[in-house]
Amino acid sequence: MYKNYIFDLYGTLIDINTNEWNANLWKKMQEFYAFQGAMYKTADLKREYFRICEEEEKKMSDKYDYPEIKVENVFMKLFHNKGIDIDMNTCITAGQFFRIISTKYIRLYDGVVEILELLKKNNKKIYLLSNAQQIFTEYEMKYLDIYKYFDGIVFSSDEECRKPSETFYNIVLNRYNLKKEESVMIGNDWISDIEGAKNAGIASVYLHTNISPRETIIENVQADYIIEDGNIESIRKIIA
């Protein structure tokens, strides 16, 4: 039926729990910055991080309807604000340290590997369209050993825009020369994944998982296929 399977990541393939407000996270980040000579009080570092994130997104709001920042630039600004001239690799390390400390758990949903292998066996193309930071997500995919399955990957941080922006959907379609009628989007968010796909003119599969937006009313989700129990192996039914 479809040749191209475009997946969302978090809440669809990966089950993850993070907490960017955790006190221990910001204490460890304060220590990391202090080791590099950037002296912050823990509360000040936390406040500045979220302030800069908001500021950077506002700067991009005239360019895209759903802008996405590069978080490594935020970590660099936190150094610059204390007069520390730092290389980008250190800022990326700061971001990855931040991610590791803020993550309570990360794991694949049951059946993910089996479905990806089945798609490959059936000569389907697999793509990723994810609202995600490349400096986190690429490494998490490799850690979970699923990076190898994808024929193409598009991260929002690399493109400066995110789902449900039609611009973001067009990037994956145009970059990999995908025909809309041969493509289907699979995701757990009824706005970002399902409404976004509909506006881009492609079919969709809605997976209702533990990370799906709480306000979701399944009866109102306008997907071509709905999997209410979140069992990704049900996608077998649309693989032809």
# chains A, B, ... in the order shown; residues from 1 in each chain; ligands from 1

call {"tool": "residues_around", "arguments": {"residues": "A:Thr93", "least_positions_apart": "4", "cutoff": "12 Å", "atoms": "only C-alpha atoms", "output": "PyMOL selection string"}}
result
chain A and resi 29+32-33+36+71-73+75-76+86-89+97-100+135-136+139

call {"tool": "select_by_dssp", "arguments": {"residues": "stretch 8-233 of chain A", "states": "alpha helix (DSSP H)", "output": "ChimeraX atom specification"}}
result
/A:23-35,42-60,71-80,88-102,112-121,134-143,156-159,166-175,196-200

call {"tool": "residues_around", "arguments": {"residues": "A:Pro67", "least_positions_apart": "4", "cutoff": "8 Å", "atoms": "only C-alpha atoms", "output": "PDB file with all heavy atoms, in the first residue's frame"}}
result
ATOM      1  N   GLU A  57      13.814  31.498  20.395  1.00  0.00           N
ATOM      2  CA  GLU A  57      12.639  31.095  19.624  1.00  0.00           C
ATOM      3  C   GLU A  57      11.886  32.309  19.097  1.00  0.00           C
ATOM      4  O   GLU A  57      11.414  32.314  17.954  1.00  0.00           O
ATOM      5  CB  GLU A  57      11.722  30.223  20.479  1.00  0.00           C
ATOM      6  CG  GLU A  57      10.556  29.640  19.704  1.00  0.00           C
ATOM      7  CD  GLU A  57       9.827  28.548  20.455  1.00  0.00           C
ATOM      8  OE1 GLU A  57      10.494  27.600  20.901  1.00  0.00           O
ATOM      9  OE2 GLU A  57       8.594  28.662  20.598  1.00  0.00           O
ATOM     10  N   MET A  60      13.181  33.753  15.890  1.00  0.00           N
ATOM     11  CA  MET A  60      12.910  32.977  14.688  1.00  0.00           C
ATOM     12  C   MET A  60      11.442  32.965  14.295  1.00  0.00           C
ATOM     13  O   MET A  60      11.088  32.415  13.254  1.00  0.00           O
ATOM     14  CB  MET A  60      13.386  31.541  14.900  1.00  0.00           C
ATOM     15  CG  MET A  60      14.865  31.421  15.209  1.00  0.00           C
ATOM     16  SD  MET A  60      15.302  29.760  15.771  1.00  0.00           S
ATOM     17  CE  MET A  60      14.894  28.807  14.321  1.00  0.00           C
ATOM     18  N   SER A  61      10.601  33.583  15.097  1.00  0.00           N
ATOM     19  CA  SER A  61       9.154  33.479  14.881  1.00  0.00           C
ATOM     20  C   SER A  61       8.686  34.169  13.607  1.00  0.00           C
ATOM     21  O   SER A  61       7.628  33.821  13.073  1.00  0.00           O
ATOM     22  CB  SER A  61       8.399  34.048  16.089  1.00  0.00           C
ATOM     23  OG  SER A  61       8.716  35.411  16.289  1.00  0.00           O
ATOM     24  N   LYS A  63      10.309  33.979  10.823  1.00  0.00           N
ATOM     25  CA  LYS A  63      10.778  33.142   9.712  1.00  0.00           C
ATOM     26  C   LYS A  63       9.936  31.887   9.550  1.00  0.00           C
ATOM     27  O   LYS A  63       9.661  31.453   8.427  1.00  0.00           O
ATOM     28  CB  LYS A  63      12.243  32.768   9.943  1.00  0.00           C
ATOM     29  CG  LYS A  63      12.901  32.043   8.793  1.00  0.00           C
ATOM     30  CD  LYS A  63      14.380  31.813   9.087  1.00  0.00           C
ATOM     31  CE  LYS A  63      15.078  31.099   7.938  1.00  0.00           C
ATOM     32  NZ  LYS A  63      16.509  30.842   8.231  1.00  0.00           N
ATOM     33  N   GLU A 160      15.445  24.370  11.730  1.00  0.00           N
ATOM     34  CA  GLU A 160      14.922  25.592  12.344  1.00  0.00           C
ATOM     35  C   GLU A 160      13.403  25.649  12.368  1.00  0.00           C
ATOM     36  O   GLU A 160      12.819  26.697  12.633  1.00  0.00           O
ATOM     37  CB  GLU A 160      15.489  26.847  11.662  1.00  0.00           C
ATOM     38  CG  GLU A 160      17.004  26.967  11.748  1.00  0.00           C
ATOM     39  CD  GLU A 160      17.521  28.275  11.181  1.00  0.00           C
ATOM     40  OE1 GLU A 160      16.838  28.900  10.345  1.00  0.00           O
ATOM     41  OE2 GLU A 160      18.622  28.680  11.587  1.00  0.00           O
ATOM     42  N   CYS A 161      12.742  24.542  12.082  1.00  0.00           N
ATOM     43  CA  CYS A 161      11.281  24.493  12.171  1.00  0.00           C
ATOM     44  C   CYS A 161      10.885  23.084  12.601  1.00  0.00           C
ATOM     45  O   CYS A 161      11.688  22.157  12.553  1.00  0.00           O
ATOM     46  CB  CYS A 161      10.609  24.875  10.855  1.00  0.00           C
ATOM     47  SG  CYS A 161      11.041  23.812   9.452  1.00  0.00           S
ATOM     48  N   ARG A 162       9.625  22.941  13.032  1.00  0.00           N
ATOM     49  CA  ARG A 162       9.182  21.672  13.599  1.00  0.00           C
ATOM     50  C   ARG A 162       7.735  21.386  13.220  1.00  0.00           C
ATOM     51  O   ARG A 162       7.020  22.264  12.712  1.00  0.00           O
ATOM     52  CB  ARG A 162       9.325  21.715  15.125  1.00  0.00           C
ATOM     53  CG  ARG A 162       8.602  22.873  15.797  1.00  0.00           C
ATOM     54  CD  ARG A 162       8.918  22.961  17.286  1.00  0.00           C
ATOM     55  NE  ARG A 162       8.485  24.215  17.870  1.00  0.00           N
ATOM     56  CZ  ARG A 162       7.261  24.475  18.296  1.00  0.00           C
ATOM     57  NH1 ARG A 162       6.328  23.537  18.219  1.00  0.00           N
ATOM     58  NH2 ARG A 162       6.948  25.647  18.824  1.00  0.00           N
TER      59      ARG A 162
END

call {"tool": "atom_distance", "arguments": {"atom1": "atom CA of A:Tyr2", "atom2": "atom CA of A:Glu117"}}
result
15.8 Å

call {"tool": "atom_distance", "arguments": {"atom1": "atom CA of A:Ile16", "atom2": "atom CA of A:Arg107"}}
result
6.5 Å

call {"tool": "residues_around", "arguments": {"residues": "stretch 212-217 of chain A", "least_positions_apart": "4", "cutoff": "7 Å", "atoms": "only C-alpha atoms", "output": "list in words"}}
result
Gly11, Asn188, Asp189, His208 and Val221 of chain A

call {"tool": "write_last_selection", "arguments": {"atoms": "all heavy atoms", "output": "mmCIF file, in the first residue's frame"}}
result
data_model
loop_
_atom_site.group_PDB
_atom_site.id
_atom_site.type_symbol
_atom_site.label_atom_id
_atom_site.label_comp_id
_atom_site.auth_asym_id
_atom_site.auth_seq_id
_atom_site.Cartn_x
_atom_site.Cartn_y
_atom_site.Cartn_z
ATOM 1 N N GLY A 11 7.587 8.894 21.963
ATOM 2 C CA GLY A 11 6.177 8.591 22.137
ATOM 3 C C GLY A 11 5.632 7.676 21.066
ATOM 4 O O GLY A 11 4.496 7.214 21.165
ATOM 5 N N ASN A 188 2.315 9.769 17.546
ATOM 6 C CA ASN A 188 1.457 9.685 18.728
ATOM 7 C C ASN A 188 0.818 11.013 19.122
ATOM 8 O O ASN A 188 0.142 11.091 20.139
ATOM 9 C CB ASN A 188 2.272 9.185 19.929
ATOM 10 C CG ASN A 188 3.213 10.255 20.466
ATOM 11 O OD1 ASN A 188 4.054 10.778 19.734
ATOM 12 N ND2 ASN A 188 3.069 10.617 21.728
ATOM 13 N N ASP A 189 1.052 12.057 18.316
ATOM 14 C CA ASP A 189 0.522 13.385 18.636
ATOM 15 C C ASP A 189 -0.495 13.790 17.579
ATOM 16 O O ASP A 189 -0.161 13.902 16.402
ATOM 17 C CB ASP A 189 1.666 14.400 18.698
ATOM 18 C CG ASP A 189 1.232 15.749 19.251
ATOM 19 O OD1 ASP A 189 0.252 16.322 18.712
ATOM 20 O OD2 ASP A 189 1.876 16.247 20.198
ATOM 21 N N HIS A 208 -1.856 5.811 20.025
ATOM 22 C CA HIS A 208 -2.143 6.430 21.322
ATOM 23 C C HIS A 208 -1.270 5.757 22.372
ATOM 24 O O HIS A 208 -1.489 4.601 22.746
ATOM 25 C CB HIS A 208 -3.616 6.281 21.688
ATOM 26 C CG HIS A 208 -3.992 7.085 22.895
ATOM 27 N ND1 HIS A 208 -4.128 8.450 22.855
ATOM 28 C CD2 HIS A 208 -4.244 6.712 24.175
ATOM 29 C CE1 HIS A 208 -4.452 8.889 24.062
ATOM 30 N NE2 HIS A 208 -4.512 7.856 24.887
ATOM 31 N N VAL A 221 -9.632 12.432 16.441
ATOM 32 C CA VAL A 221 -8.365 12.346 15.709
ATOM 33 C C VAL A 221 -8.639 11.963 14.259
ATOM 34 O O VAL A 221 -9.240 10.921 13.986
ATOM 35 C CB VAL A 221 -7.423 11.313 16.358
ATOM 36 C CG1 VAL A 221 -6.152 11.159 15.519
ATOM 37 C CG2 VAL A 221 -7.066 11.741 17.782
#

call {"tool": "closest_residue", "arguments": {"among": "A:Cys53, A:Lys3, A:Asp8, A:Asp110", "to": "A:Tyr206", "atoms": "only C-alpha atoms"}}
result
A:Asp8

call {"tool": "residues_around", "arguments": {"residues": "A:Gly83", "least_positions_apart": "6", "cutoff": "10 Å", "atoms": "only C-alpha atoms", "output": "compact mmCIF listing (two decimals) with N, CA, C and O atoms, in the first residue's frame"}}
result
# COMPACT_ATOMS: atom_id res chain seq x y z
N GLY A 37 34.89 27.66 34.25
CA GLY A 37 35.13 29.04 34.62
C GLY A 37 33.93 29.94 34.57
O GLY A 37 34.03 31.15 34.83
N ALA A 38 32.75 29.40 34.22
CA ALA A 38 31.51 30.18 34.17
C ALA A 38 30.78 30.03 35.50
O ALA A 38 30.15 29.00 35.74
N MET A 39 30.88 31.03 36.33
CA MET A 39 30.37 30.92 37.69
C MET A 39 28.92 31.43 37.77
O MET A 39 28.65 32.62 37.56
N LYS A 77 25.71 30.47 24.74
CA LYS A 77 25.39 31.80 25.26
C LYS A 77 25.53 31.86 26.78
O LYS A 77 25.92 32.89 27.33

call {"tool": "residues_around", "arguments": {"residues": "stretch 226-228 of chain A", "least_positions_apart": "6", "cutoff": "9 Å", "atoms": "only C-alpha atoms", "output": "list in words"}}
result
Ser204, Val205, Tyr206, Leu207, His208, Thr209, Ile218, Ser234 and Ile235 of chain A

call {"tool": "residues_around", "arguments": {"residues": "A:Glu182", "least_positions_apart": "4", "cutoff": "12 Å", "atoms": "only C-alpha atoms", "output": "VMD selection string"}}
result
chain A and resid 1 to 6 124 to 125 173 177 to 178 201 to 204 239 to 240

call {"tool": "write_last_selection", "arguments": {"atoms": "N, CA, C and O atoms", "output": "mmCIF file, in the first residue's frame"}}
result
data_model
loop_
_atom_site.group_PDB
_atom_site.id
_atom_site.type_symbol
_atom_site.label_atom_id
_atom_site.label_comp_id
_atom_site.auth_asym_id
_atom_site.auth_seq_id
_atom_site.Cartn_x
_atom_site.Cartn_y
_atom_site.Cartn_z
ATOM 1 N N MET A 1 0.829 -1.208 0.000
ATOM 2 C CA MET A 1 0.000 0.000 0.000
ATOM 3 C C MET A 1 0.862 1.257 0.000
ATOM 4 O O MET A 1 0.711 2.124 -0.829
ATOM 5 N N TYR A 2 1.776 1.360 0.966
ATOM 6 C CA TYR A 2 2.678 2.512 1.051
ATOM 7 C C TYR A 2 4.110 2.042 0.847
ATOM 8 O O TYR A 2 4.481 0.938 1.244
ATOM 9 N N LYS A 3 4.912 2.918 0.256
ATOM 10 C CA LYS A 3 6.328 2.618 0.047
ATOM 11 C C LYS A 3 7.203 3.283 1.095
ATOM 12 O O LYS A 3 8.280 2.795 1.418
ATOM 13 N N ASN A 4 6.715 4.431 1.612
ATOM 14 C CA ASN A 4 7.525 5.243 2.513
ATOM 15 C C ASN A 4 6.835 5.393 3.871
ATOM 16 O O ASN A 4 5.723 5.914 3.941
ATOM 17 N N TYR A 5 7.507 4.962 4.931
ATOM 18 C CA TYR A 5 6.960 5.045 6.281
ATOM 19 C C TYR A 5 7.759 6.090 7.051
ATOM 20 O O TYR A 5 8.948 5.921 7.313
ATOM 21 N N ILE A 6 7.069 7.194 7.385
ATOM 22 C CA ILE A 6 7.706 8.324 8.065
ATOM 23 C C ILE A 6 7.299 8.266 9.536
ATOM 24 O O ILE A 6 6.121 8.408 9.867
ATOM 25 N N LYS A 124 10.412 -1.663 2.135
ATOM 26 C CA LYS A 124 9.856 -0.340 2.375
ATOM 27 C C LYS A 124 10.987 0.620 2.773
ATOM 28 O O LYS A 124 12.025 0.200 3.269
ATOM 29 N N LYS A 125 10.747 1.906 2.550
ATOM 30 C CA LYS A 125 11.695 2.933 2.968
ATOM 31 C C LYS A 125 11.217 3.511 4.300
ATOM 32 O O LYS A 125 10.014 3.749 4.491
ATOM 33 N N LEU A 173 9.755 15.279 2.425
ATOM 34 C CA LEU A 173 9.196 14.843 1.140
ATOM 35 C C LEU A 173 10.098 15.234 -0.022
ATOM 36 O O LEU A 173 10.372 14.414 -0.910
ATOM 37 N N ASN A 177 12.681 12.854 -2.216
ATOM 38 C CA ASN A 177 11.853 12.630 -3.412
ATOM 39 C C ASN A 177 10.724 11.637 -3.165
ATOM 40 O O ASN A 177 10.518 10.683 -3.928
ATOM 41 N N LEU A 178 9.980 11.880 -2.091
ATOM 42 C CA LEU A 178 8.881 11.001 -1.732
ATOM 43 C C LEU A 178 7.580 11.480 -2.359
ATOM 44 O O LEU A 178 7.240 12.660 -2.288
ATOM 45 N N GLY A 201 -0.732 16.715 3.106
ATOM 46 C CA GLY A 201 -1.317 15.892 2.058
ATOM 47 C C GLY A 201 -0.884 14.441 2.055
ATOM 48 O O GLY A 201 -0.915 13.777 1.014
ATOM 49 N N ILE A 202 -0.510 13.920 3.242
ATOM 50 C CA ILE A 202 -0.129 12.515 3.303
ATOM 51 C C ILE A 202 -0.984 11.784 4.339
ATOM 52 O O ILE A 202 -1.535 12.392 5.253
ATOM 53 N N ALA A 203 -1.057 10.475 4.186
ATOM 54 C CA ALA A 203 -1.844 9.629 5.090
ATOM 55 C C ALA A 203 -1.165 9.551 6.446
ATOM 56 O O ALA A 203 0.011 9.898 6.601
ATOM 57 N N SER A 204 -1.911 9.075 7.452
ATOM 58 C CA SER A 204 -1.341 9.020 8.796
ATOM 59 C C SER A 204 -1.880 7.843 9.604
ATOM 60 O O SER A 204 -2.989 7.358 9.372
ATOM 61 N N ILE A 239 0.872 -2.862 6.063
ATOM 62 C CA ILE A 239 2.068 -3.141 5.265
ATOM 63 C C ILE A 239 1.682 -4.138 4.180
ATOM 64 O O ILE A 239 1.274 -5.267 4.454
ATOM 65 N N ALA A 240 1.805 -3.697 2.945
ATOM 66 C CA ALA A 240 1.421 -4.557 1.835
ATOM 67 C C ALA A 240 2.588 -4.725 0.867
ATOM 68 O O ALA A 240 3.466 -3.897 0.825
#

call {"tool": "closest_residue", "arguments": {"among": "A:Asn210, A:Lys198, A:Glu138, A:Ser157", "to": "A:Asp224", "atoms": "only C-alpha atoms"}}
result
A:Lys198

call {"tool": "select_by_dssp", "arguments": {"residues": "stretch 40-222 of chain A", "states": "strand (DSSP E or B)", "output": "ChimeraX atom specification"}}
result
/A:67,103-108,125-130,152-155,161,183-187,203-207

call {"tool": "closest_residue", "arguments": {"among": "A:Leu116, A:Leu129, A:Met185, A:Ala94", "to": "A:Asp158", "atoms": "only C-alpha atoms"}}
result
A:Leu129

call {"tool": "closest_residue", "arguments": {"among": "A:Gln30, A:Asn123, A:Asn170, A:Thr103", "to": "A:Leu78", "atoms": "only C-alpha atoms"}}
result
A:Gln30

call {"tool": "decode", "arguments": {"residues": "stretch 2-96 of chain A", "atoms": "C-alpha atoms", "output": "short mmCIF file (atom, residue, chain, number, x, y, z; two decimals), in the first residue's frame"}}
result
data_model
loop_
_atom_site.label_atom_id
_atom_site.label_comp_id
_atom_site.auth_asym_id
_atom_site.auth_seq_id
_atom_site.Cartn_x
_atom_site.Cartn_y
_atom_site.Cartn_z
CA TYR A 2 2.68 2.51 1.05
CA LYS A 3 6.33 2.62 0.05
CA ASN A 4 7.52 5.24 2.51
CA TYR A 5 6.96 5.05 6.28
CA ILE A 6 7.71 8.32 8.06
CA PHE A 7 7.97 7.93 11.82
CA ASP A 8 7.81 10.29 14.73
CA LEU A 9 10.27 9.24 17.44
CA TYR A 10 9.48 10.09 21.07
CA GLY A 11 6.18 8.59 22.14
CA THR A 12 6.06 6.52 18.95
CA LEU A 13 9.22 4.44 18.82
CA ILE A 14 10.92 5.59 22.01
CA ASP A 15 9.40 5.74 25.47
CA ILE A 16 11.19 8.47 27.42
CA ASN A 17 10.75 10.38 30.65
CA THR A 18 12.71 13.58 31.21
CA ASN A 19 12.54 16.37 33.77
CA GLU A 20 14.28 19.64 32.94
CA TRP A 21 13.11 21.19 36.23
CA ASN A 22 14.86 18.66 38.48
CA ALA A 23 16.94 20.37 41.19
CA ASN A 24 19.77 17.85 40.90
CA LEU A 25 20.03 18.54 37.16
CA TRP A 26 20.65 22.23 37.71
CA LYS A 27 23.11 21.61 40.53
CA LYS A 28 25.15 19.36 38.23
CA MET A 29 24.92 21.88 35.38
CA GLN A 30 26.10 24.64 37.73
CA GLU A 31 29.11 22.48 38.59
CA PHE A 32 29.80 21.75 34.91
CA TYR A 33 29.82 25.46 34.07
CA ALA A 34 31.95 26.26 37.11
CA PHE A 35 34.55 23.72 35.96
CA GLN A 36 34.84 25.75 32.74
CA GLY A 37 35.13 29.04 34.62
CA ALA A 38 31.51 30.18 34.17
CA MET A 39 30.37 30.92 37.69
CA TYR A 40 26.59 30.82 38.21
CA LYS A 41 24.33 30.33 41.14
CA THR A 42 22.20 27.26 40.47
CA ALA A 43 18.91 29.19 40.35
CA ASP A 44 20.41 31.85 38.07
CA LEU A 45 21.69 29.25 35.60
CA LYS A 46 18.29 27.59 35.42
CA ARG A 47 16.49 30.90 34.92
CA GLU A 48 18.95 32.05 32.24
CA TYR A 49 18.65 28.79 30.33
CA PHE A 50 14.90 29.04 29.94
CA ARG A 51 15.09 32.78 29.24
CA ILE A 52 17.58 32.30 26.41
CA CYS A 53 15.53 29.44 24.94
CA GLU A 54 12.48 31.68 24.82
CA GLU A 55 14.49 34.60 23.43
CA GLU A 56 16.01 32.49 20.65
CA GLU A 57 12.64 31.09 19.62
CA LYS A 58 11.12 34.58 19.46
CA LYS A 59 13.91 35.70 17.14
CA MET A 60 12.91 32.98 14.69
CA SER A 61 9.15 33.48 14.88
CA ASP A 62 9.07 35.78 11.85
CA LYS A 63 10.78 33.14 9.71
CA TYR A 64 8.75 30.06 10.63
CA ASP A 65 5.27 29.38 12.02
CA TYR A 66 6.73 26.69 14.31
CA PRO A 67 10.39 27.63 14.91
CA GLU A 68 12.97 25.35 16.48
CA ILE A 69 16.20 26.44 18.11
CA LYS A 70 19.56 24.68 18.33
CA VAL A 71 20.02 24.03 22.02
CA GLU A 72 23.82 23.93 21.76
CA ASN A 73 23.67 27.65 20.92
CA VAL A 74 21.86 28.23 24.20
CA PHE A 75 24.60 26.47 26.14
CA MET A 76 27.18 28.58 24.34
CA LYS A 77 25.39 31.80 25.26
CA LEU A 78 25.41 30.72 28.88
CA PHE A 79 29.21 30.60 28.67
CA HIS A 80 29.47 33.90 26.78
CA ASN A 81 27.29 35.63 29.37
CA LYS A 82 30.04 34.95 31.89
CA GLY A 83 32.81 36.07 29.55
CA ILE A 84 33.97 32.55 28.73
CA ASP A 85 35.09 31.97 25.13
CA ILE A 86 34.33 28.30 24.56
CA ASP A 87 34.43 25.91 21.62
CA MET A 88 31.26 24.36 20.20
CA ASN A 89 32.31 20.82 21.11
CA THR A 90 32.23 21.78 24.80
CA CYS A 91 28.77 23.27 24.33
CA ILE A 92 27.58 20.05 22.70
CA THR A 93 29.05 18.09 25.61
CA ALA A 94 27.22 20.41 28.01
CA GLY A 95 23.97 19.69 26.15
CA GLN A 96 24.49 15.94 26.21
#
